Amino acid sequence: MSMDELLKDLQGQRTFQEDPNHISLDKLFNEAFMSKHTNFSSFLAFLEKGNFQVYSHEDIKNIHEELWERHVARETNFADWKTMLDTANAEYTGKKA
């Protein structure tokens with residue numbers, strides 16, 4: 001996936017049918033979420049700060065866990081990735097984390 005495609009994906013401009021059981025990263029970590037819980041207005045900016053190249057949920061799983069966890073703890077108000085992900089899912093679905 002090219003950087004332009006990633007940007008379009010993160011901005012919600014791709015034209016594919018979304019799997020309801022797999023929320024896209026741009027929707028899950030939308031501007032409101034990122035602004036509320038980080039010093040970034042986008043998930044892409046958060047990734048760029050850590051020099052991570054992420055195009056999917058699977059790419060996140062392939063990042064060295066210690067580096068990813070340290071980045072999340074340092075750049076967000078979450079102690080770890082699981083808490084950040086759980087909160088994003090809860091906020092996206094309208095449930096309290």
# chains A, B, ... in the order shown; residues from 1 in each chain; ligands from 1
call {"tool": "residues_around", "arguments": {"residues": "stretch 65-72 of chain A", "least_positions_apart": "6", "cutoff": "9 Å", "atoms": "only C-alpha atoms", "output": "PDB file with C-alpha atoms, in the first residue's frame"}}
result
ATOM      1  CA  PHE A  46       1.258   9.224  16.206  1.00  0.00           C
ATOM      2  CA  LYS A  49       6.457  10.140  15.657  1.00  0.00           C
ATOM      3  CA  GLY A  50       7.519   6.585  16.506  1.00  0.00           C
ATOM      4  CA  PHE A  52       6.393   3.025  12.597  1.00  0.00           C
ATOM      5  CA  PHE A  78      -2.534   5.048  28.371  1.00  0.00           C
ATOM      6  CA  ALA A  79      -0.181   2.713  30.190  1.00  0.00           C
ATOM      7  CA  ASP A  80      -0.246   0.144  27.389  1.00  0.00           C
ATOM      8  CA  TRP A  81      -1.582  -0.758  23.948  1.00  0.00           C
ATOM      9  CA  MET A  84      -5.616   2.163  24.375  1.00  0.00           C
TER      10      MET A  84
END
call {"tool": "closest_residue", "arguments": {"among": "A:Asn62, A:Thr76, A:Thr93, A:Thr83", "to": "A:His37", "atoms": "only C-alpha atoms"}}
result
A:Thr76
